[in-house]
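A quick write-up on the structure given underneath.
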Amino acid sequence: MKKLKYVYKIAALAIAVLLGYMLLQALMEIPFGTNRMFVAERFIFEEPYEVGAANTVTAIVVNYRGFDTLGEVTVLFIAATGVALLLHRERGIRLAPTETTLVVKTGARVLLPAVLLVGLYIFVHGHLTPGGGFPGGVIVASALILMYFAYEEYVAPRSMLHLLEGIAGLVFVIVGILGIIVYGRFLQNVFPLGDFGRLFSAGFIPVVYVAIGAKVGSELAGIIHDMIRRGGESE
Amino acid sequence: MSDLGTLYYINVVAMVVIGLYIVLTKRNVLKILIGLDILGTGVNLLIVVIGYIEGGTAPIYTAGISPAKFVDPLPQALVLTAIVIDAAVLAMAISIAIRLYKEFGTLDVRKMRLLKW
């Protein structure tokens with residue numbers, strides 16, 4: 001039995017290494033660092049006049065591929081709902097509560113506003129600097145993990161998070177439908193482009209990215225909440 | 001130039017191989033999920049690396065940098081989507097693993113047998 005286990009491991013290693021070797025051979029055919037842009041070239045040079053966001057990646061994610069991003073947000077929503085369905089208990093007990101010292105509690109209180117501010121900054125400035133709704137939302141949700149670590153009796157405001165999540169999703173869809181009403185195309189920009197590189201620019205991108213940030217933050221916070229507090233029964 | 005590229009490609013391949021090996025040999029569900037995540041990260045890295053252009057800068061309009069020097073922004077936008085989907089799938093998979101542990105009292109995939117034969 002023991003011998004069989006080693007044979008199995010060696011076979012698995014051989015398969016993985018063989019596949020890796022084949023992949024490397026294929027990759028070596030691709031020249032590294034050469035310009036092979038086709039559609040992206042148009043995005044880069046036309047984007048300041050069509051979208052008006054300094055961050056080209058954001059312009060592509062939210063404007064040109066906005067419908068994809070709506071689908072992405074929906075996938076995240078379904079995952080959060082699935083986690084809640086599998087794990088959520090209304091009167092669940094805290095899993096593995098740990099006593100923390102005064103240092104951790106005070107540190108969490110001092111850091112919480114700073115973490116929230118960084119998260120907010122990242123998703124409000126998504127069209128100007130690296131970042132955007134998704135990383136910003138994750139940082140906001142990490143503030144909640146900090147609270148859970150520091151205070152064993154802490155409970156996230158679950159119903160408020162649900163409300164925030166719903167409103168944020170609705171804002172994204174309403175912005176899309178405004179495009180249908182005005183121009184007849186879903187997610188067509190109806191807001192003024194503004195001054196290039198300013199906070200209030202790039203049409204609907206700041207609105208949508210704040211909505212995405214709030215949605216991602218509240219959904220991940222919900223996932224964390226469901227994973228930390230679960231099970232009414234004793235195990 | 002090509003040395004750097006080779007290094008990146010070897011890194012990508014190493015991550016894929018390590019991820020695949022973990023998925024094939026480990027029995028703990030959580031370890032399998034870690035393996036899947038390493039594999040997925042390797043693929044994301046590959047997509048970003050292919051979009052790199054020699055001497056290019058981040059595709060963000062900044063004073064003093066010509067947009068002709070930008071790297072390809074499209075792979076980065078695609079990977080941004082992929083990372084979020086990865087995180088969502090991982091959260092879902094971990095909660096299924098938690099339920100499996102509740103059901104069987106173990107995380108070992110070989111001991112999870114509903115149909116005994």
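Note on naming: chains are A, B, ... as they come in the structure tokens, residues start from 1 per chain, ligands start from 1 in the order shown.
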
Practice problem: Extract the full set of helix (DSSP H, G or I) residues from stretch 3-116 of chain B according to DSSP on the backbone, and format it as a PyMOL selection string. | Solution: chain B and resi 3-25+29-50+67-69+73-104+109-111

Exercise. Return the neighbours of chain A among the residues of chain B, cut-off 8 Å, counting only C-alpha atoms, as a PyMOL selection string.
Key: chain B and resi 1-2+5-6+9-10+13-14+16-18+20-21+24-25+49-54+59-62+67+72-74+76-78+81+84-85+88-89+91-92+95-96+99

Exercise. Using only C-alpha atoms, find the one residue out of A:Arg42, A:His162, A:Arg185, A:Lys105 that sits nearest to A:Ala221.
Key: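 When distances to A:Ala221 are compared using only C-alpha atoms, the smallest one comes from A:His162.
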
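Taking atom CA of A:Leu70 as the reference point, atom CA of B:Leu39 is found at 25.7 Å.
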
Quiz prompt | DSSP strand (DSSP E or B) residues within stretch 23-93 of chain B, as a PyMOL selection string | solution = chain B and resi 28+57+60+70

Quiz prompt | Contacts of stretch 187-190 of chain A within 8 Å, only C-alpha atoms, excl. fewer than 4 positions in-chain, as a list of chain:residue names | solution =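 Counting only C-alpha atoms, the residues come to A:Asn63, A:Gly66, A:Phe67, A:Val175, A:Gly176, A:Ile177, A:Leu178, A:Gly179, A:Ile180, A:Val182, A:Tyr183, A:Gly203, A:Phe204.
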
Take the residues just selected and output them with N, CA, C and O atoms as an mmCIF file, in the first residue's frame.
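The file below, selection.cif, is the result:
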data_model
loop_
_atom_site.group_PDB
_atom_site.id
_atom_site.type_symbol
_atom_site.label_atom_id
_atom_site.label_comp_id
_atom_site.auth_asym_id
_atom_site.auth_seq_id
_atom_site.Cartn_x
_atom_site.Cartn_y
_atom_site.Cartn_z
ATOM 1 N N ASN A 63 -15.919 50.714 -19.298
ATOM 2 C CA ASN A 63 -16.667 51.291 -20.407
ATOM 3 C C ASN A 63 -16.777 50.349 -21.608
ATOM 4 O O ASN A 63 -17.875 49.907 -21.949
ATOM 5 N N GLY A 66 -17.988 47.014 -20.312
ATOM 6 C CA GLY A 66 -18.849 47.213 -19.156
ATOM 7 C C GLY A 66 -19.834 46.084 -18.947
ATOM 8 O O GLY A 66 -20.139 45.714 -17.812
ATOM 9 N N PHE A 67 -20.316 45.520 -20.048
ATOM 10 C CA PHE A 67 -21.299 44.441 -19.932
ATOM 11 C C PHE A 67 -20.673 43.212 -19.285
ATOM 12 O O PHE A 67 -21.289 42.555 -18.450
ATOM 13 N N VAL A 175 -27.523 52.952 -14.358
ATOM 14 C CA VAL A 175 -26.606 53.682 -15.249
ATOM 15 C C VAL A 175 -26.638 53.061 -16.639
ATOM 16 O O VAL A 175 -26.671 53.769 -17.655
ATOM 17 N N GLY A 176 -26.678 51.737 -16.699
ATOM 18 C CA GLY A 176 -26.766 51.061 -17.983
ATOM 19 C C GLY A 176 -28.054 51.385 -18.712
ATOM 20 O O GLY A 176 -28.062 51.650 -19.919
ATOM 21 N N ILE A 177 -29.164 51.379 -17.972
ATOM 22 C CA ILE A 177 -30.471 51.620 -18.595
ATOM 23 C C ILE A 177 -30.609 53.072 -19.047
ATOM 24 O O ILE A 177 -31.240 53.349 -20.079
ATOM 25 N N LEU A 178 -29.959 54.016 -18.327
ATOM 26 C CA LEU A 178 -29.940 55.414 -18.771
ATOM 27 C C LEU A 178 -29.377 55.516 -20.192
ATOM 28 O O LEU A 178 -29.873 56.298 -21.010
ATOM 29 N N GLY A 179 -28.369 54.682 -20.476
ATOM 30 C CA GLY A 179 -27.801 54.638 -21.819
ATOM 31 C C GLY A 179 -28.835 54.215 -22.851
ATOM 32 O O GLY A 179 -28.881 54.761 -23.954
ATOM 33 N N ILE A 180 -29.678 53.244 -22.474
ATOM 34 C CA ILE A 180 -30.744 52.801 -23.401
ATOM 35 C C ILE A 180 -31.724 53.936 -23.642
ATOM 36 O O ILE A 180 -32.118 54.215 -24.788
ATOM 37 N N VAL A 182 -31.356 57.236 -23.373
ATOM 38 C CA VAL A 182 -30.856 58.405 -24.094
ATOM 39 C C VAL A 182 -30.353 58.050 -25.495
ATOM 40 O O VAL A 182 -30.700 58.707 -26.472
ATOM 41 N N TYR A 183 -29.526 56.986 -25.592
ATOM 42 C CA TYR A 183 -28.902 56.670 -26.888
ATOM 43 C C TYR A 183 -29.386 55.358 -27.505
ATOM 44 O O TYR A 183 -29.026 55.037 -28.634
ATOM 45 N N GLY A 203 -17.037 60.409 -17.433
ATOM 46 C CA GLY A 203 -18.444 60.001 -17.541
ATOM 47 C C GLY A 203 -18.915 59.172 -16.364
ATOM 48 O O GLY A 203 -18.749 59.561 -15.217
ATOM 49 N N PHE A 204 -19.485 57.997 -16.684
ATOM 50 C CA PHE A 204 -20.106 57.200 -15.617
ATOM 51 C C PHE A 204 -19.116 56.349 -14.833
ATOM 52 O O PHE A 204 -19.501 55.677 -13.885
#

Quiz item: From the list B:Val79, B:Met112, B:Ala58, B:Ala87, which residue is nearest B:Leu100 when using only C-alpha atoms?
Solution: B:Met112

Quiz item: Which residue, A:Leu199, A:Val173, A:Leu102, A:Met147, has the smallest gap to A:Val115 when you use only C-alpha atoms?
Solution: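 That would be A:Met147, the residue with the smallest distance to A:Val115.
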
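Nearest residue to A:Thr98, choosing from A:Val7, A:Ile228, A:Leu161, A:Leu170 and counting only C-alpha atoms: A:Ile228.
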
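Using only C-alpha atoms, the shortest contact distance between B:Thr41 and any of B:Val71, B:Asp3, B:Asn28, B:Ala82 is found at B:Ala82.
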